[in-house]
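Coordinates from entry-v8.cif are shown below (mmCIF, C-alpha atoms and all ligand atoms).
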```
data_model
#
loop_
_atom_site.label_atom_id
_atom_site.label_comp_id
_atom_site.auth_asym_id
_atom_site.auth_seq_id
_atom_site.Cartn_x
_atom_site.Cartn_y
_atom_site.Cartn_z
CA MET A 1 0.51 -26.73 8.46
CA VAL A 2 0.52 -23.87 5.95
CA ARG A 3 1.45 -25.10 2.46
CA LEU A 4 3.69 -23.33 -0.02
CA PRO A 5 3.43 -24.53 -3.65
CA ARG A 6 6.13 -26.99 -4.73
CA ARG A 7 7.20 -25.03 -7.84
CA PHE A 8 7.74 -21.98 -5.66
CA LEU A 9 9.73 -23.97 -3.09
CA GLU A 10 11.90 -25.71 -5.68
CA ALA A 11 12.54 -22.95 -8.19
CA ARG A 12 11.07 -19.76 -6.69
CA GLU A 13 8.61 -19.84 -9.59
CA ARG A 14 5.51 -17.69 -9.44
CA VAL A 15 2.44 -19.80 -8.73
CA ALA A 16 -0.84 -18.02 -9.45
CA GLU A 17 -3.66 -18.31 -6.95
CA ALA A 18 -6.57 -20.55 -7.91
CA PRO A 19 -8.55 -19.04 -10.84
CA GLY A 20 -11.42 -16.91 -9.64
CA ASP A 21 -9.90 -16.61 -6.14
CA VAL A 22 -10.80 -13.02 -5.35
CA MET A 23 -11.79 -13.51 -1.75
CA ALA A 24 -15.39 -13.96 -2.87
CA ASP A 25 -16.11 -15.94 0.26
CA ALA A 26 -17.30 -13.96 3.32
CA ALA A 27 -15.13 -15.97 5.73
CA GLU A 28 -12.03 -15.26 3.62
CA ALA A 29 -12.91 -11.57 3.47
CA VAL A 30 -13.32 -11.39 7.24
CA ALA A 31 -10.05 -13.29 7.76
CA TYR A 32 -8.28 -10.78 5.52
CA ARG A 33 -9.90 -7.88 7.38
CA GLY A 34 -8.38 -9.25 10.58
CA THR A 35 -4.90 -9.43 9.04
CA ALA A 36 -5.22 -5.95 7.53
CA GLY A 37 -6.24 -4.56 10.94
CA LYS A 38 -3.06 -5.95 12.50
CA MET A 39 -0.94 -4.46 9.71
CA TRP A 40 -2.72 -1.11 9.61
CA ARG A 41 -0.40 0.96 11.76
CA TRP A 42 2.95 -0.20 10.41
CA VAL A 43 2.21 -1.25 6.84
CA LEU A 44 -1.08 -0.01 5.42
CA ARG A 45 -1.36 3.42 7.00
CA PRO A 46 2.08 4.70 5.90
CA PHE A 47 1.17 3.74 2.32
CA ALA A 48 -2.31 5.29 2.65
CA ASP A 49 -0.72 8.55 3.86
CA ARG A 50 1.78 8.50 1.03
CA VAL A 51 -1.09 8.27 -1.45
CA LEU A 52 -3.07 10.97 0.35
CA ALA A 53 -0.15 13.39 0.17
CA ARG A 54 -0.46 13.30 -3.62
CA VAL A 55 -4.17 14.18 -3.75
CA PRO A 56 -4.67 17.87 -4.55
CA PHE A 57 -7.28 19.98 -2.80
CA GLY A 58 -10.77 18.90 -3.89
CA GLY A 59 -9.22 16.03 -5.86
CA ARG A 60 -10.42 12.51 -6.62
CA VAL A 61 -8.66 9.37 -5.49
CA LEU A 62 -9.32 5.76 -6.43
CA ASP A 63 -8.28 2.58 -4.61
CA LEU A 64 -8.26 -0.45 -6.92
CA GLY A 65 -8.69 -3.81 -5.15
CA THR A 66 -9.77 -1.97 -2.05
CA GLY A 67 -10.70 -5.09 -0.04
CA PRO A 68 -12.37 -4.06 3.25
CA GLY A 69 -11.91 -0.41 2.26
CA LEU A 70 -9.56 0.65 5.07
CA MET A 71 -7.64 3.11 2.90
CA PRO A 72 -10.62 4.91 1.30
CA ILE A 73 -12.25 5.25 4.73
CA HIS A 74 -9.02 6.69 6.16
CA TRP A 75 -8.74 9.15 3.25
CA ALA A 76 -12.32 10.32 3.66
CA ARG A 77 -11.83 10.87 7.39
CA GLN A 78 -8.57 12.74 6.92
CA ARG A 79 -9.63 14.93 4.01
CA PRO A 80 -13.20 16.20 3.87
CA ASP A 81 -12.34 18.07 0.66
CA ILE A 82 -11.74 15.03 -1.54
CA GLU A 83 -13.83 12.46 -3.38
CA VAL A 84 -12.98 8.84 -2.68
CA VAL A 85 -13.81 5.71 -4.67
CA GLY A 86 -12.93 2.07 -3.92
CA VAL A 87 -13.21 -0.73 -6.49
CA ASP A 88 -13.18 -4.46 -5.82
CA LEU A 89 -14.41 -7.57 -7.57
CA SER A 90 -15.48 -9.39 -4.43
CA PRO A 91 -19.02 -8.69 -3.19
CA ALA A 92 -18.07 -9.91 0.31
CA MET A 93 -15.19 -7.43 0.49
CA LEU A 94 -17.43 -4.61 -0.73
CA GLU A 95 -20.03 -5.51 1.86
CA LEU A 96 -17.36 -5.31 4.58
CA ALA A 97 -16.12 -2.00 3.19
CA ARG A 98 -19.61 -0.47 3.19
CA ILE A 99 -20.27 -1.59 6.77
CA GLU A 100 -16.92 -0.14 7.86
CA ALA A 101 -17.64 3.16 6.08
CA GLU A 102 -21.01 3.38 7.76
CA ARG A 103 -19.46 2.76 11.18
CA ALA A 104 -16.80 5.40 10.49
CA GLY A 105 -19.48 7.92 9.51
CA VAL A 106 -18.16 8.46 5.98
CA ALA A 107 -20.56 6.24 4.02
CA ARG A 108 -21.86 9.22 2.05
CA ARG A 109 -18.41 10.37 1.05
CA VAL A 110 -16.91 7.08 -0.15
CA ARG A 111 -18.27 5.14 -3.11
CA PHE A 112 -17.56 1.42 -3.38
CA ILE A 113 -18.00 -0.07 -6.84
CA GLN A 114 -17.87 -3.68 -7.99
CA ALA A 115 -15.67 -3.99 -11.07
CA ASP A 116 -12.66 -5.82 -12.47
CA ALA A 117 -9.58 -3.73 -11.77
CA SER A 118 -8.17 -4.43 -15.24
CA SER A 119 -11.26 -3.00 -17.01
CA THR A 120 -13.28 -0.88 -14.62
CA GLY A 121 -15.40 0.84 -17.25
CA LEU A 122 -14.82 4.17 -15.42
CA PRO A 123 -14.03 7.22 -17.60
CA SER A 124 -10.41 7.91 -18.60
CA GLY A 125 -8.61 10.61 -16.61
CA SER A 126 -11.33 10.72 -13.97
CA PHE A 127 -8.96 10.57 -10.97
CA ASP A 128 -6.05 12.69 -9.73
CA VAL A 129 -4.51 9.72 -7.97
CA VAL A 130 -5.03 6.01 -8.64
CA ALA A 131 -3.67 3.62 -6.01
CA SER A 132 -3.59 -0.08 -5.44
CA HIS A 133 -2.25 -2.05 -2.50
CA TYR A 134 -1.57 -5.77 -2.29
CA MET A 135 -3.51 -6.49 -5.47
CA LEU A 136 -1.03 -6.94 -8.34
CA HIS A 137 -0.27 -10.53 -7.27
CA HIS A 138 -3.83 -11.48 -8.22
CA PHE A 139 -2.92 -10.79 -11.86
CA THR A 140 -0.88 -13.06 -14.11
CA ARG A 141 -0.57 -10.10 -16.48
CA PRO A 142 -0.08 -7.16 -14.06
CA ALA A 143 0.49 -4.73 -16.94
CA GLU A 144 -3.24 -4.97 -17.70
CA VAL A 145 -4.14 -3.45 -14.35
CA LEU A 146 -1.22 -0.98 -14.39
CA GLY A 147 -2.35 0.19 -17.85
CA GLU A 148 -5.87 0.63 -16.49
CA MET A 149 -4.50 2.65 -13.56
CA GLN A 150 -2.61 4.91 -15.96
CA ARG A 151 -5.72 5.34 -18.13
CA LEU A 152 -7.86 6.29 -15.12
CA ALA A 153 -5.24 8.78 -13.92
CA GLY A 154 -5.05 10.44 -17.35
CA PRO A 155 -1.91 12.22 -18.54
CA ASP A 156 -1.51 14.34 -15.36
CA GLY A 157 -2.62 11.98 -12.62
CA ALA A 158 -0.46 10.05 -10.18
CA VAL A 159 -0.30 6.26 -10.09
CA LEU A 160 0.96 4.41 -7.02
CA ALA A 161 0.81 0.65 -6.58
CA ARG A 162 2.50 -1.44 -3.93
CA ASP A 163 2.56 -5.17 -3.51
CA LEU A 164 4.50 -7.95 -1.87
CA VAL A 165 7.64 -8.97 -3.64
CA ARG A 166 8.08 -12.72 -4.30
CA PRO A 167 10.69 -13.77 -1.72
CA ARG A 168 13.18 -16.62 -1.68
CA PRO A 169 11.52 -19.73 -0.18
CA ILE A 170 13.59 -19.53 3.01
CA LEU A 171 12.49 -15.92 3.53
CA ALA A 172 8.88 -16.90 2.84
CA ARG A 173 9.10 -19.52 5.60
CA LEU A 174 10.65 -17.01 8.02
CA SER A 175 8.02 -14.45 7.16
CA LEU A 176 5.22 -16.99 7.75
CA ALA A 177 6.73 -17.93 11.12
CA PHE A 178 6.83 -14.23 12.02
CA THR A 179 3.18 -13.63 11.11
CA ARG A 180 2.13 -16.84 12.92
CA VAL A 181 3.96 -15.99 16.14
CA CYS A 182 4.08 -12.18 16.28
CA LEU A 183 0.85 -11.25 14.48
CA ARG A 184 -0.91 -14.38 15.77
CA ASN A 185 -2.31 -15.11 12.33
CA SER A 186 -4.76 -18.00 12.22
CA ARG A 187 -3.93 -20.95 9.93
CA GLU A 188 -6.40 -19.60 7.36
CA GLN A 189 -4.85 -16.12 7.46
CA ASN A 190 -1.36 -17.52 7.09
CA GLN A 191 -2.45 -19.75 4.17
CA GLN A 192 -3.84 -16.63 2.43
CA TYR A 193 -0.50 -14.93 3.05
CA ALA A 194 1.49 -17.96 1.79
CA ASP A 195 -0.60 -18.08 -1.42
CA SER A 196 -0.07 -14.34 -1.94
CA LEU A 197 3.71 -14.62 -1.44
CA ALA A 198 3.97 -17.40 -4.02
CA ALA A 199 1.75 -15.51 -6.48
CA SER A 200 3.51 -12.18 -6.17
CA HIS A 201 5.87 -10.73 -8.78
CA THR A 202 9.49 -9.73 -8.55
CA ALA A 203 10.52 -6.15 -9.34
CA GLY A 204 12.30 -7.46 -12.48
CA GLU A 205 9.13 -9.16 -13.73
CA LEU A 206 7.08 -6.01 -13.19
CA ARG A 207 9.69 -3.89 -14.96
CA GLY A 208 9.65 -6.30 -17.89
CA ALA A 209 5.83 -6.30 -17.97
CA CYS A 210 5.73 -2.47 -18.03
CA ARG A 211 8.35 -2.35 -20.80
CA VAL A 212 6.52 -4.87 -22.99
CA ALA A 213 3.20 -3.07 -22.47
CA GLY A 214 4.77 0.32 -23.31
CA LEU A 215 4.14 1.71 -19.81
CA GLU A 216 7.45 3.56 -19.87
CA GLU A 217 6.37 6.30 -17.47
CA LEU A 218 5.92 3.86 -14.61
CA VAL A 219 8.91 3.48 -12.31
CA VAL A 220 9.31 0.12 -10.53
CA ARG A 221 11.26 -0.01 -7.26
CA GLY A 222 11.97 -3.29 -5.50
CA GLY A 223 12.75 -3.66 -1.79
CA PRO A 224 13.18 -6.61 0.56
CA ILE A 225 9.44 -6.94 1.25
CA HIS A 226 7.57 -4.66 -1.12
CA VAL A 227 7.69 -3.57 -4.71
CA THR A 228 6.22 -0.22 -5.74
CA VAL A 229 5.17 1.02 -9.15
CA GLU A 230 4.78 4.74 -9.42
CA ARG A 231 4.06 7.58 -11.77
CA ARG A 232 4.15 10.96 -10.13
CA PHE A 233 2.04 13.93 -11.00
CA ALA A 234 3.80 16.18 -13.45
CA ARG A 235 2.77 18.97 -11.06
CA ALA A 236 3.87 17.20 -7.87
CA ALA A 237 7.23 16.27 -9.33
CA ALA A 238 7.81 19.90 -10.20
CA ARG A 239 7.25 20.92 -6.56
CA ARG A 240 10.75 20.47 -5.23
CA THR A 241 10.40 21.23 -1.53
CA PHE A 242 13.18 20.03 0.77
CA THR A 243 11.22 17.46 2.78
CA HIS A 244 12.52 15.26 5.60
CA GLU A 245 12.31 12.29 3.22
CA ARG A 246 14.77 13.98 0.84
CA ALA A 247 17.01 15.19 3.66
CA GLY A 248 17.03 11.67 5.13
CA ARG A 249 18.07 10.11 1.82
CA VAL A 250 20.91 12.61 1.36
CA LEU A 251 22.05 12.14 4.97
CA ALA A 252 21.95 8.35 4.78
CA GLY A 253 23.89 8.33 1.50
CA ALA A 254 26.57 10.65 2.93
CA THR A 255 26.87 8.61 6.16
CA LEU A 256 27.20 5.36 4.22
CA LEU A 257 29.95 6.77 2.00
CA ALA A 258 31.79 8.40 4.92
CA SER A 259 31.70 5.30 7.14
CA VAL A 260 32.88 3.01 4.32
CA ALA A 261 35.75 5.46 3.60
CA LEU A 262 36.64 5.66 7.33
CA ALA A 263 36.49 1.85 7.61
CA HIS A 264 39.00 1.65 4.76
CA LEU A 265 41.27 4.42 6.05
CA VAL A 266 41.00 4.27 9.86
CA SER A 267 39.40 1.17 11.36
CA PRO A 268 37.06 -1.60 10.18
CA TRP A 269 34.85 -0.76 13.18
CA PHE A 270 33.40 2.08 11.08
CA LEU A 271 31.62 -0.65 9.07
CA LEU A 272 29.27 -0.90 12.03
CA ALA A 273 28.13 2.66 11.36
CA ALA A 274 27.58 1.75 7.69
CA ALA A 275 25.58 -1.34 8.69
CA GLY A 276 23.53 0.74 11.17
CA THR A 277 22.72 3.31 8.50
CA ALA A 278 21.74 0.61 6.01
CA LEU A 279 19.52 -1.05 8.63
CA ASN A 280 17.93 2.29 9.44
CA LEU A 281 17.21 2.85 5.73
CA VAL A 282 15.61 -0.60 5.38
CA LEU A 283 13.55 -0.18 8.57
CA SER A 284 12.33 3.26 7.55
CA GLY A 285 11.26 1.76 4.20
CA ILE A 286 9.30 -0.98 5.97
CA THR A 287 7.79 0.88 8.87
CA ASP A 288 7.95 4.46 7.70
CA ARG A 289 9.21 5.29 11.18
CA CYS A 290 12.83 5.91 12.04
CA ALA A 291 14.91 7.91 14.48
CA VAL A 292 16.56 10.08 11.82
CA LYS A 293 13.19 10.97 10.26
CA ASN A 294 11.83 11.90 13.68
CA LEU A 295 14.85 14.09 14.37
CA LEU A 296 14.49 15.85 11.01
CA LEU A 297 10.80 16.36 11.70
CA ARG A 298 11.65 17.93 15.07
CA LEU A 299 14.09 20.21 13.28
CA GLY A 300 11.11 21.49 11.32
CA LEU A 301 11.50 19.84 7.90
CA PRO A 302 8.07 18.96 6.49
CA GLY A 303 7.16 15.48 5.23
CA GLU A 304 5.71 14.79 1.76
CA ARG A 305 2.39 13.79 3.29
CA ASP A 306 2.33 16.84 5.57
CA LEU A 307 2.68 19.08 2.53
CA GLY A 308 -0.44 17.54 0.98
CA ARG A 309 -2.42 17.73 4.21
CA ALA A 310 -1.27 21.22 5.15
CA GLU A 311 -2.20 22.49 1.70
CA ALA A 312 -5.64 20.93 1.98
CA ILE A 313 -6.28 22.17 5.50
CA SER A 314 -5.22 25.73 4.70
CA ARG A 315 -7.51 25.77 1.66
CA ILE A 316 -10.38 24.31 3.68
CA SER A 317 -10.05 27.00 6.32
CA LYS A 318 -10.01 29.65 3.58
CA ALA A 319 -13.07 28.12 1.91
CA GLY A 320 -14.70 27.47 5.33
CA PRO A 321 -16.54 24.18 4.74
CA SER A 322 -18.14 22.31 7.61
CA GLY A 323 -16.57 19.18 9.15
CA SER A 324 -13.07 18.57 10.45
CA ALA A 325 -10.18 16.39 9.30
CA ARG A 326 -9.99 14.38 12.51
CA PRO A 327 -7.47 11.55 12.13
CA ALA A 328 -8.71 8.18 13.21
CA ALA A 329 -7.57 4.61 12.57
CA PRO A 330 -10.04 1.86 11.71
CA ARG A 331 -10.75 -0.30 14.75
CA ASP A 332 -9.58 -3.90 14.80
CA GLU A 333 -12.39 -5.29 16.91
CA THR A 334 -14.77 -4.43 14.06
CA ALA A 335 -13.70 -7.65 12.30
CA ARG A 336 -15.56 -9.65 14.92
CA ARG A 337 -18.70 -7.52 14.66
CA LEU A 338 -18.58 -7.64 10.87
CA ALA A 339 -18.25 -11.40 11.04
CA ALA A 340 -21.37 -11.57 13.19
CA ARG A 341 -23.25 -9.40 10.72
CA LEU A 342 -22.14 -11.60 7.82
CA GLY A 343 -22.95 -14.77 9.78
CA VAL A 344 -19.43 -16.23 9.78
CA THR A 345 -16.93 -17.05 12.52
CA VAL A 346 -13.53 -15.44 12.98
CA ASN A 347 -10.57 -16.97 14.81
C1 LIG B 401 -5.03 -8.77 -0.50
S1 LIG B 401 -6.46 -7.85 -0.78
C2 LIG B 401 -5.88 -6.21 -0.53
C3 LIG B 401 -6.94 -5.28 -0.05
C4 LIG B 401 -6.47 -3.85 0.26
N1 LIG B 401 -6.01 -3.18 -0.91
C5 LIG B 401 -5.44 -3.84 1.35
O1 LIG B 401 -4.28 -3.52 1.09
O2 LIG B 401 -5.77 -4.17 2.49
C6 LIG B 401 -6.62 -7.92 -2.52
C7 LIG B 401 -7.97 -7.43 -3.01
O3 LIG B 401 -7.94 -7.40 -4.44
C8 LIG B 401 -9.22 -7.82 -4.90
N2 LIG B 401 -9.11 -8.28 -6.28
C9 LIG B 401 -8.50 -9.38 -6.75
N3 LIG B 401 -8.63 -9.47 -8.08
C10 LIG B 401 -9.34 -8.39 -8.47
C11 LIG B 401 -9.79 -7.91 -9.72
N4 LIG B 401 -9.55 -8.57 -10.84
N5 LIG B 401 -10.50 -6.77 -9.74
C12 LIG B 401 -10.77 -6.08 -8.58
N6 LIG B 401 -10.35 -6.49 -7.38
C13 LIG B 401 -9.67 -7.64 -7.31
C14 LIG B 401 -9.61 -8.92 -3.92
O4 LIG B 401 -11.01 -9.15 -3.91
C15 LIG B 401 -9.11 -8.35 -2.61
O5 LIG B 401 -10.11 -7.61 -1.97
#
```

Just dump the structure as structure tokens.
Ligand SMILES: C[S@@+](CC[C@H](N)C(=O)[O-])C[C@H]1O[C@@H](n2cnc3c(N)ncnc32)[C@H](O)[C@@H]1O
Amino acid sequence: MVRLPRRFLEARERVAEAPGDVMADAAEAVAYRGTAGKMWRWVLRPFADRVLARVPFGGRVLDLGTGPGLMPIHWARQRPDIEVVGVDLSPAMLELARIEAERAGVARRVRFIQADASSTGLPSGSFDVVASHYMLHHFTRPAEVLGEMQRLAGPDGAVLARDLVRPRPILARLSLAFTRVCLRNSREQNQQYADSLAASHTAGELRGACRVAGLEELVVRGGPIHVTVERRFARAAARRTFTHERAGRVLAGATLLASVALAHLVSPWFLLAAAGTALNLVLSGITDRCAVKNLLLRLGLPGERDLGRAEAISRISKAGPSGSARPAAPRDETARRLAARLGVTVN
């Protein structure tokens, strides 16, 4: 049985993971690689693409707490024009990441560095975009790592971090049942997930931490599953193109208002339309896929990530470098091969 800490179950208190638990063990790293592979399409890749859309042509992007390096490898494959660096504290994770990069044929274009994410020792302002995914919960004082991200991005760079949000205990149990049954997580994988849920922060806690640390430029947004912390490029924020993301938000807001008004004036059945719109909004936030977005895309509205990619591709073709930006997802069966290379067993 997967255990959730008592203080979390009784009072939804945050319970930090065991000190020094940074997936230093090869078996743990391989187990996480398996989970990340299952989540790639619906969870990790949409975030990776969101980060990539913010990287300017020829820019530099950093992934803090990169784990098995799936995001840096994806970035390098998608954008031959950019420089990619991944940082992690765990040697086992870095070993996995290097093997994956080699297999993907991008080993020369991605650098993996062992360092503590809260004090990397890398020069200030050396990246255009600094990202981190599913790492903040490892920190009791998350502002330390957010401050480091801001320092590395310099005054003009973008910062984008996303992590799990600490759920209510009942939701944690439901979520664990879902990952056990639908994702077929092993007991070890689900225990990792349970520990992460209990150690994660709420949006309110992260907001408070940023305020106390004077990180006023960072905007914290909480959702049902994830919390994001973001500072946009001054330049990117100024580029106000009407993307399908913006159109979708306006449309959803208008539909919600209209259906609530119609429910009040005409028939309560209109509340179903409001509920449908709200559900669509939540689902599009979780999966980054939704019917309205697809329709808007078909109507020709560009997405934020397409803008970044299109800009890069057009500049590449003007500059005429060799190599192509062929999209490819990391392969899940690699976990088993990596395990064999590291001499551990995977479930
Ligand atoms: C849950 S994994 C997430 C990996 C990856 N970002 C992803 O989304 O798949 C968290 C990673 O953060 C790393 N980590 C934890 N504490 C760290 C620290 N102080 N400095 C650098 N990395 C750390 C762990 O080793 C682990 O690889």

Problem set entry | All residues 8 Å or closer to region 81-98 of chain A, all atoms listed in the file, same chain fewer than 4 positions away omitted, as a PyMOL selection string | chain A and resi 22-26+29-30+55+57-70+72+75-76+102+107+109-117+312+316+338

Seminar exercise, completed: Restricting to all atoms listed in the file, whichever of A:Val229, A:Ala203, A:Met1, A:Ala18 is closest to ligand LIG 401 (chain B) is A:Ala18

Problem set entry | Interatomic distance (Å, one decimal) between CA of Val106 (chain A) and CA of Ile73 (chain A) |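 Going from CA of Val106 (chain A) over to CA of Ile73 (chain A), I get 6.8 Å.
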
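Considering only C-alpha atoms and all ligand atoms, the residue among A:Leu256, A:Ala275, A:Ala194, A:Ala247 positioned nearest to ligand LIG 401 (chain B) is A:Ala194.
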
Problem set entry | Residue contacts of Gly253 (chain A) (10 Å, all atoms listed in the file) excluding same-chain residues fewer than 6 positions away, as a count of residues only | 5

Seminar exercise, completed: Shortest contact to ligand LIG 401 (chain B), candidates A:Pro142, A:Gly214, A:Pro5, A:Gly248, atoms counted only C-alpha atoms and all ligand atoms, goes to A:Pro142

For this session: Record the distance separating CA of Pro169 (chain A) and CA of Phe8 (chain A), expressed in Å with one decimal.
Result: 7.0 Å

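Take CA of Val15 (chain A) and CA of Gln150 (chain A): the distance between them is 26.2 Å.
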
Write out as AutoDock Vina command-line options an axis-aligned box for ligand LIG 401 (chain B): all of its atoms listed in the file, 5 Å added on each side, centre and edge lengths in Å with one decimal.
```
--center_x -7.6 --center_y -6.3 --center_z -4.2 --size_x 16.7 --size_y 16.3 --size_z 23.3
```

For this session: Go through A:Gly105, A:Gly121, A:Gly157, A:Pro268 and flag the residue nearest ligand LIG 401 (chain B), using all atoms listed in the file for the distances.
Result: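 Distance minimum relative to ligand LIG 401 (chain B) lands on A:Gly121.
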
For this session: Go through A:Asp128, A:Glu100, A:Asp163, A:Asp156 one by one, measure the shortest atom-to-atom distance of each to ligand LIG 401 (chain B) using all atoms listed in the file, and give the residue with the smallest value.
Result: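 Checking each candidate against ligand LIG 401 (chain B), we get A:Asp163 as the closest.
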
For this session: Fewer than 3 positions away in the same chain doesn't count, so skip those; otherwise give me all residues within 10 Å of Asn185 (chain A), counting all atoms listed in the file, as a list of chain:residue names.
Result: A:Ala31, A:Gly34, A:Thr35, A:Lys38, A:Leu176, A:Ala177, A:Phe178, A:Thr179, A:Arg180, A:Val181, A:Cys182, A:Glu188, A:Gln189, A:Asn190, A:Gln191, A:Tyr193, A:Asn347
